[in-house]
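Containing PDB, C-alpha atoms: target_37.pdb.
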ATOM      1  CA  MET A   1     101.347  47.320  24.351
ATOM      2  CA  SER A   2      99.909  45.398  27.293
ATOM      3  CA  GLU A   3      99.158  42.413  25.006
ATOM      4  CA  ILE A   4     102.811  42.236  24.008
ATOM      5  CA  PHE A   5     103.887  42.385  27.646
ATOM      6  CA  ALA A   6     101.252  39.816  28.640
ATOM      7  CA  GLU A   7     102.693  37.377  26.073
ATOM      8  CA  PHE A   8     106.289  38.259  26.859
ATOM      9  CA  VAL A   9     106.248  37.446  30.575
ATOM     10  CA  PRO A  10     105.207  33.778  30.196
ATOM     11  CA  SER A  11     107.698  33.377  27.348
ATOM     12  CA  LEU A  12     110.420  34.945  29.483
ATOM     13  CA  LEU A  13     109.629  32.576  32.349
ATOM     14  CA  GLU A  14     109.762  29.595  29.995
ATOM     15  CA  PHE A  15     113.063  30.872  28.588
ATOM     16  CA  LEU A  16     114.514  31.224  32.085
ATOM     17  CA  ALA A  17     113.361  27.734  33.050
ATOM     18  CA  TYR A  18     114.839  26.071  29.958
ATOM     19  CA  PHE A  19     118.024  28.141  30.082
ATOM     20  CA  GLY A  20     118.452  27.456  33.791
ATOM     21  CA  VAL A  21     117.957  23.706  33.421
ATOM     22  CA  ALA A  22     120.331  23.628  30.436
ATOM     23  CA  ALA A  23     122.938  25.597  32.387
ATOM     24  CA  VAL A  24     122.681  23.216  35.343
ATOM     25  CA  LEU A  25     122.949  20.200  33.018
ATOM     26  CA  THR A  26     126.030  21.760  31.435
ATOM     27  CA  VAL A  27     127.685  22.330  34.807
ATOM     28  CA  ILE A  28     126.904  18.738  35.794
ATOM     29  CA  PHE A  29     128.324  17.501  32.485
ATOM     30  CA  ILE A  30     131.515  19.504  32.987
ATOM     31  CA  ALA A  31     131.947  18.165  36.525
ATOM     32  CA  ILE A  32     131.439  14.555  35.427
ATOM     33  CA  TYR A  33     133.643  14.945  32.350
ATOM     34  CA  LEU A  34     136.468  16.483  34.380
ATOM     35  CA  LYS A  35     136.289  13.563  36.819
ATOM     36  CA  THR A  36     136.167  10.993  33.992
ATOM     37  CA  THR A  37     139.168  11.990  31.924
ATOM     38  CA  ARG A  38     142.642  11.037  33.039
ATOM     39  CA  HIS A  39     144.040  14.496  32.388
ATOM     40  CA  ASP A  40     143.309  17.749  34.228
ATOM     41  CA  GLU A  41     141.766  19.889  31.479
ATOM     42  CA  ILE A  42     141.371  23.026  33.567
ATOM     43  CA  LYS A  43     144.986  23.022  34.769
ATOM     44  CA  LEU A  44     146.238  22.289  31.261
ATOM     45  CA  ILE A  45     144.090  25.028  29.745
ATOM     46  CA  LYS A  46     145.324  27.478  32.406
ATOM     47  CA  ASP A  47     148.846  26.458  31.388
ATOM     48  CA  ASN A  48     147.966  27.404  27.783
ATOM     49  CA  SER A  49     147.646  23.865  26.395
ATOM     50  CA  VAL A  50     146.066  24.101  22.957
ATOM     51  CA  ALA A  51     145.596  20.321  22.898
ATOM     52  CA  ALA A  52     143.566  20.359  26.119
ATOM     53  CA  ALA A  53     141.565  23.407  25.051
ATOM     54  CA  VAL A  54     140.627  21.839  21.709
ATOM     55  CA  ALA A  55     139.698  18.498  23.308
ATOM     56  CA  PHE A  56     137.638  20.045  26.095
ATOM     57  CA  SER A  57     135.962  22.583  23.812
ATOM     58  CA  GLY A  58     134.970  19.840  21.376
ATOM     59  CA  SER A  59     133.456  17.835  24.181
ATOM     60  CA  LEU A  60     131.573  20.820  25.565
ATOM     61  CA  ILE A  61     130.203  21.764  22.139
ATOM     62  CA  GLY A  62     129.460  18.091  21.506
ATOM     63  CA  PHE A  63     127.296  18.148  24.620
ATOM     64  CA  ALA A  64     125.688  21.525  23.891
ATOM     65  CA  LEU A  65     124.569  20.586  20.361
ATOM     66  CA  PRO A  66     122.174  17.803  21.407
ATOM     67  CA  LEU A  67     121.074  19.858  24.388
ATOM     68  CA  ALA A  68     120.121  22.704  22.048
ATOM     69  CA  SER A  69     118.352  20.241  19.769
ATOM     70  CA  VAL A  70     116.352  18.920  22.691
ATOM     71  CA  MET A  71     115.470  22.445  23.800
ATOM     72  CA  LEU A  72     114.022  23.088  20.354
ATOM     73  CA  ASN A  73     111.999  19.878  20.324
ATOM     74  CA  SER A  74     111.281  18.965  23.939
ATOM     75  CA  LEU A  75     107.818  18.614  25.340
ATOM     76  CA  SER A  76     108.748  19.607  28.882
ATOM     77  CA  LEU A  77     111.613  20.320  31.252
ATOM     78  CA  ILE A  78     111.594  16.645  32.254
ATOM     79  CA  ASP A  79     112.071  15.765  28.577
ATOM     80  CA  LEU A  80     115.029  18.169  28.486
ATOM     81  CA  VAL A  81     116.596  16.607  31.579
ATOM     82  CA  LEU A  82     116.182  13.023  30.336
ATOM     83  CA  TRP A  83     117.640  13.720  26.907
ATOM     84  CA  GLY A  84     120.331  15.863  28.514
ATOM     85  CA  ILE A  85     121.395  12.828  30.532
ATOM     86  CA  VAL A  86     121.529  10.795  27.317
ATOM     87  CA  ALA A  87     123.752  13.491  25.771
ATOM     88  CA  MET A  88     126.060  13.327  28.803
ATOM     89  CA  ILE A  89     126.357   9.563  28.564
ATOM     90  CA  VAL A  90     127.166   9.761  24.855
ATOM     91  CA  GLN A  91     129.931  12.322  25.425
ATOM     92  CA  ILE A  92     131.474  10.314  28.264
ATOM     93  CA  LEU A  93     131.387   7.197  26.083
ATOM     94  CA  VAL A  94     133.147   9.103  23.299
ATOM     95  CA  TYR A  95     136.130   9.692  25.575
ATOM     96  CA  PHE A  96     136.408   5.958  26.212
ATOM     97  CA  LEU A  97     135.860   5.099  22.533
ATOM     98  CA  VAL A  98     138.570   7.538  21.468
ATOM     99  CA  ARG A  99     140.954   5.784  23.850
ATOM    100  CA  MET A 100     140.462   2.469  22.013
ATOM    101  CA  PRO A 101     142.618   3.348  18.984
ATOM    102  CA  MET A 102     144.692   5.831  21.037
ATOM    103  CA  PRO A 103     144.966   4.442  24.580
ATOM    104  CA  ARG A 104     147.330   7.178  25.734
ATOM    105  CA  VAL A 105     145.229  10.102  24.478
ATOM    106  CA  SER A 106     145.216  11.751  27.912
ATOM    107  CA  GLU A 107     148.979  11.461  28.282
ATOM    108  CA  ARG A 108     149.422  12.859  24.783
ATOM    109  CA  ILE A 109     147.135  15.800  25.577
ATOM    110  CA  GLU A 110     149.105  16.398  28.789
ATOM    111  CA  ALA A 111     152.269  16.427  26.671
ATOM    112  CA  GLY A 112     150.726  19.160  24.525
ATOM    113  CA  GLU A 113     150.258  17.030  21.421
ATOM    114  CA  VAL A 114     147.684  19.031  19.487
ATOM    115  CA  ALA A 115     146.826  16.110  17.196
ATOM    116  CA  ALA A 116     145.543  14.122  20.198
ATOM    117  CA  GLY A 117     143.448  17.093  21.318
ATOM    118  CA  ILE A 118     142.018  17.538  17.843
ATOM    119  CA  TRP A 119     141.231  13.809  17.619
ATOM    120  CA  LEU A 120     139.293  13.857  20.910
ATOM    121  CA  GLY A 121     137.660  17.214  20.193
ATOM    122  CA  VAL A 122     136.487  16.300  16.699
ATOM    123  CA  ALA A 123     135.254  12.874  17.822
ATOM    124  CA  SER A 124     133.222  14.655  20.497
ATOM    125  CA  LEU A 125     131.828  17.116  17.957
ATOM    126  CA  VAL A 126     130.872  14.356  15.530
ATOM    127  CA  ALA A 127     129.146  12.436  18.321
ATOM    128  CA  GLY A 128     127.337  15.627  19.344
ATOM    129  CA  ILE A 129     126.126  16.267  15.810
ATOM    130  CA  LEU A 130     124.900  12.693  15.397
ATOM    131  CA  ASN A 131     123.370  12.769  18.852
ATOM    132  CA  ALA A 132     121.564  16.055  18.181
ATOM    133  CA  THR A 133     120.204  14.802  14.880
ATOM    134  CA  SER A 134     119.097  11.488  16.366
ATOM    135  CA  MET A 135     117.137  13.337  19.021
ATOM    136  CA  THR A 136     115.013  15.106  16.415
ATOM    137  CA  VAL A 137     113.832  11.900  14.719
TER     138      VAL A 137
END

In structure tokens, what does this structure look like?
Amino acid sequence: MSEIFAEFVPSLLEFLAYFGVAAVLTVIFIAIYLKTTRHDEIKLIKDNSVAAAVAFSGSLIGFALPLASVMLNSLSLIDLVLWGIVAMIVQILVYFLVRMPMPRVSERIEAGEVAAGIWLGVASLVAGILNATSMTV
């Protein structure tokens, strides 16, 4: 029993370190993303906007996917932080890329147009999937 506990404690500490760093990276991503977009996701979501919820959720999952991939494959916490920053940059770029064919995507999300929210959310998810896979190569 003591062998199990002796192996568990270091694993638990490593878990807490990786989870904590990932949580902090996620909070930083959310803060930056909320400042970047032209629409106020939190207010819109509080007002029951499906378009905003879908767009923001897609972006958040699109960030979490590569972060999870890095956690599985990283060599250290520094590795996690560096690749986490790359994942943030990719997700922020997606917002700007989505605005190229649909320049008023934020206004459309504010107006409750679900199609605009789905477009942004799915683009974010696709970028997250490609980003996560690229990080394992």

Pick the closest to Phe56 (chain A) from A:Phe19, A:Tyr95, A:Trp83, A:Phe5: which is it, counting only C-alpha atoms?
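Distance minimum relative to Phe56 (chain A) lands on A:Tyr95.
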
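Residues lying within 12 Å of Leu130 (chain A), counting all atoms listed in the file and ignoring same-chain neighbours fewer than 4 positions away, are A:Gly62, A:Phe63, A:Leu65, A:Pro66, A:Ser69, A:Ala87, A:Val90, A:Gln91, A:Val94, A:Ala123, A:Ser124, A:Leu125, A:Val126, A:Ser134, A:Met135, A:Thr136, A:Val137.
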
Among the residues A:Leu80, A:Leu34, A:Met102, A:Ala6, the one that comes closest to Ala68 (chain A) [using all atoms listed in the file]
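Closest candidate: A:Leu80.
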
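With distances restricted to all atoms listed in the file, A:Tyr33 is the closest residue to Phe96 (chain A) from A:Glu41, A:Tyr33, A:Ser57, A:Val70.
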
Just give me the gap between CA of Met71 (chain A) and CA of Phe29 (chain A) in Å, one decimal is fine.
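Spanning CA of Met71 (chain A) to CA of Phe29 (chain A) is a straight-line distance of 16.3 Å.
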
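Of the residues listed (A:Leu120, A:Val114, A:Ile109, A:Leu12), A:Leu120 shows the shortest atom-to-atom separation from Leu60 (chain A); distances use all atoms listed in the file.
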
Ranking A:Thr37, A:Leu67, A:Gly112, A:Leu44 by minimum distance to Leu93 (chain A) and counting all atoms listed in the file, which one comes first?
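Between A:Thr37, A:Leu67, A:Gly112, A:Leu44, the residue approaching Leu93 (chain A) most closely is A:Thr37.
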
So the first atom is CA of Ala115 (chain A) and the second is CA of Ala51 (chain A); what is the distance between them in Å, to one decimal place?
7.2 Å

Take the point (117.0, 27.7, 31.0) as written in the file and pick out every residue within 12 Å of it, counting only C-alpha atoms; give the list as a list of chain:residue names.
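Residues with an atom close enough to that point: A:Ser11, A:Leu12, A:Leu13, A:Glu14, A:Phe15, A:Leu16, A:Ala17, A:Tyr18, A:Phe19, A:Gly20, A:Val21, A:Ala22, A:Ala23, A:Val24, A:Leu25, A:Thr26, A:Leu67, A:Ala68, A:Met71, A:Leu72, A:Ser76, A:Leu77, A:Leu80, A:Val81.
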
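Residues lying within 8 Å of Val105 (chain A), counting all atoms listed in the file and ignoring same-chain neighbours fewer than 6 positions away, are Val98, Arg99, Ala116, Gly117 and Leu120 of chain A.
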
Atoms kept (C-alpha atoms) for selection, written as a PDB file, keeping the file's coordinate frame:
ATOM      1  CA  VAL A  98     138.570   7.538  21.468  1.00  0.00           C
ATOM      2  CA  ARG A  99     140.954   5.784  23.850  1.00  0.00           C
ATOM      3  CA  ALA A 116     145.543  14.122  20.198  1.00  0.00           C
ATOM      4  CA  GLY A 117     143.448  17.093  21.318  1.00  0.00           C
ATOM      5  CA  LEU A 120     139.293  13.857  20.910  1.00  0.00           C
TER       6      LEU A 120
END

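You will find CA of Ala52 (chain A) at 7.3 Å from CA of Glu110 (chain A).
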
Taking only C-alpha atoms into account, name the residue in A:Ile89, A:Gly84, A:Ser49, A:Trp119 that is nearest to Pro101 (chain A).
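With only C-alpha atoms as the atom set, the closest residue is A:Trp119.
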
If we count only C-alpha atoms, what is near Gly121 (chain A) at a cut-off of 6 Å, once residues fewer than 5 positions away on the same chain are taken out, given as an MDAnalysis selection string?
chainID A and resid 54:55 58:59

Please list as a ChimeraX atom specification every residue within 7 Å of Arg38 (chain A), counting all atoms listed in the file and excluding residues in the same chain fewer than 2 positions away.
/A:36,40,106
